[in-house]
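**Student:** Right, I'll just put the structure down here and ask away after.
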Amino acid sequence: MELLTHRAEAVIFTPHLFVSHFLSFLLHTDYPEMVVVEHAYWERNLIDMDSSRLKLVVIDTAQAYFTPQMVQQIRKTKPNAGVVGLEMQPMRRQIQVQFDALINTFMTHNDVRSTLISFFQAREQRPQQPQLSRREIEVLQLLVKGKTAKEIGEELFISVHTVTSHRKNISAKLGIRSISAMAIYAANMKLIDPAEVRESPVQEDI
C-alpha cells in the first residue's frame, strides 16, 4: 500500500481490496490525473501526514462505527477534504450522518460514479445553502429524529396536513427526497446532534 503523501488527492480506507481497487478505477475514469491512495485500515498517523491536496476520504462505515472519532479527526486535520461513507451493509443513521455522501456495494457503477461526481461538483461550486423557515427547520429536526407526521403535528400544534406540506417544501428546497439524506444535511448544517438521529417509522422517501 502507498503511503499517504502530500500528492494524495483521494484516499480510500477499506479492507475489501476488490472494492477499493474498483473505486480507484472509477475515480480515475472521471479524474485520470487524480492521485488515489488505498489503505486497508485507518490509522491516525496516516491521515495526520502532510497532504495539502487531499480532497476526498472514502471510509468503510464499519471502521467509522468501531472508531467513532476517526471522522472528527479527519475533519479537524483536513478541513478541505470531504468524507464519503462506503457501506457494505446498512448502518444506523447516526453513523450515516457523519458523512458528506454515501455509496454502497448495492449501487450500480453508474450510480457510484454519479454520486462521486456530484460530491466533487458540490464542493467546487459551494452553492448558497437553501433558506429554510424556522418552522421548516423544526419539522426537519423532528423528521430526522424519527417522529411521525402525527407526532410532529402534536408537538408543534399544527395539523398533519401542514406537516406534510412542510415536508414537501423542505424536500423541494433541499433537492433531496429521503429522510437519510435529510439527516445528513441536518447534521452537516449543525441543525441536529447526530446522536439524536433515529430510524424513521415513516416512509423513507418524501
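Residue numbering restarts at 1 in every chain; chains get A, B, ... in the order shown in the C-alpha cells, and ligands count up from 1 in that same order.
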Do you know which residues are at most 7 Å from A:Val97 counting only C-alpha atoms, after dropping those on the same chain fewer than 5 positions away, and could you put them as a VMD selection string?
**Tutor:** chain A and resid 183 to 184 187 194
**Student:** Just write the chosen residues, N, CA and C atoms, as a short mmCIF file (atom, residue, chain, number, x, y, z; two decimals), in the first residue's frame.
**Tutor:**
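Output below, filename result16.cif:
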data_model
loop_
_atom_site.label_atom_id
_atom_site.label_comp_id
_atom_site.auth_asym_id
_atom_site.auth_seq_id
_atom_site.Cartn_x
_atom_site.Cartn_y
_atom_site.Cartn_z
N ALA A 183 -31.18 13.78 6.98
CA ALA A 183 -30.45 13.66 8.24
C ALA A 183 -28.99 14.07 8.05
N ILE A 184 -28.39 13.66 6.93
CA ILE A 184 -27.01 14.06 6.63
C ILE A 184 -26.92 15.58 6.51
N ALA A 187 -27.29 17.24 9.97
CA ALA A 187 -26.08 17.07 10.79
C ALA A 187 -24.95 17.96 10.29
N PRO A 194 -25.87 14.42 15.72
CA PRO A 194 -26.01 13.10 15.10
C PRO A 194 -26.52 12.03 16.05
#
**Student:** Quick one: pick out all alpha helix (DSSP H) residues within stretch 79-149 of chain A from a backbone DSSP run and write them as a ChimeraX atom specification.
**Tutor:** /A:93-96,109-125,134-144,149
**Student:** For the interface of stretch 31-108 of chain A with stretch 137-144 of chain A (cut-off 12 Å, counting only C-alpha atoms), please tabulate each contacting residue of stretch 31-108 of chain A alongside its nearest pair of atoms and their separation in Å to one decimal, rows sorted by chain and increasing number, as JSON lines.
**Tutor:**
{"residue": "A:Arg93", "atom": "CA", "partner": "A:Val144", "partner_atom": "CA", "distance": 9.0}
{"residue": "A:Gln94", "atom": "CA", "partner": "A:Val144", "partner_atom": "CA", "distance": 10.1}
{"residue": "A:Gln96", "atom": "CA", "partner": "A:Val144", "partner_atom": "CA", "distance": 11.9}
{"residue": "A:Val97", "atom": "CA", "partner": "A:Val144", "partner_atom": "CA", "distance": 10.1}
**Student:** Which residue is closest to A:Val84? Choose from A:Arg53, A:Arg135, A:Gln69, A:Phe13 and count only C-alpha atoms.
**Tutor:**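 For A:Val84, the nearest of the candidates is A:Phe13.
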**Student:** Quick one: residues within 12 Å of A:Val19, only C-alpha atoms counted, chain neighbours fewer than 3 positions away excluded, as a ChimeraX atom specification?
**Tutor:** /A:12-16,22-26,38-40,58-60,86-88,103-106,109,112
**Student:** Given the selection you just returned, output its residues as a file containing C-alpha atoms, formatted as a PDB file, in the first residue's frame.
**Tutor:**
ATOM      1  CA  ILE A  12      -9.774   5.048   0.356  1.00  0.00           C
ATOM      2  CA  PHE A  13      -9.918   3.188   3.666  1.00  0.00           C
ATOM      3  CA  THR A  14     -11.394  -0.314   3.397  1.00  0.00           C
ATOM      4  CA  PRO A  15     -10.046  -3.841   3.947  1.00  0.00           C
ATOM      5  CA  HIS A  16     -12.045  -5.007   0.918  1.00  0.00           C
ATOM      6  CA  PHE A  22     -12.851  -0.669  -8.165  1.00  0.00           C
ATOM      7  CA  LEU A  23     -13.416   2.748  -6.555  1.00  0.00           C
ATOM      8  CA  SER A  24      -9.929   3.805  -7.539  1.00  0.00           C
ATOM      9  CA  PHE A  25     -10.689   2.733 -11.117  1.00  0.00           C
ATOM     10  CA  LEU A  26     -13.946   4.741 -11.130  1.00  0.00           C
ATOM     11  CA  GLU A  38      -5.613   2.917  -0.847  1.00  0.00           C
ATOM     12  CA  HIS A  39      -5.260   1.656   2.727  1.00  0.00           C
ATOM     13  CA  ALA A  40      -6.880  -1.382   4.293  1.00  0.00           C
ATOM     14  CA  VAL A  58     -13.665   7.352   1.466  1.00  0.00           C
ATOM     15  CA  ILE A  59     -14.181   5.360   4.663  1.00  0.00           C
ATOM     16  CA  ASP A  60     -15.669   1.936   5.176  1.00  0.00           C
ATOM     17  CA  LEU A  86     -18.714   3.302   1.974  1.00  0.00           C
ATOM     18  CA  GLU A  87     -21.408   0.911   3.228  1.00  0.00           C
ATOM     19  CA  MET A  88     -21.017  -2.840   2.916  1.00  0.00           C
ATOM     20  CA  ILE A 103     -22.058   4.965  -1.542  1.00  0.00           C
ATOM     21  CA  ASN A 104     -22.663   1.251  -1.074  1.00  0.00           C
ATOM     22  CA  THR A 105     -21.971  -2.086  -2.693  1.00  0.00           C
ATOM     23  CA  PHE A 106     -25.597  -2.417  -3.851  1.00  0.00           C
ATOM     24  CA  HIS A 109     -21.170   1.527 -11.014  1.00  0.00           C
ATOM     25  CA  VAL A 112     -21.423   5.302  -7.670  1.00  0.00           C
TER      26      VAL A 112
END
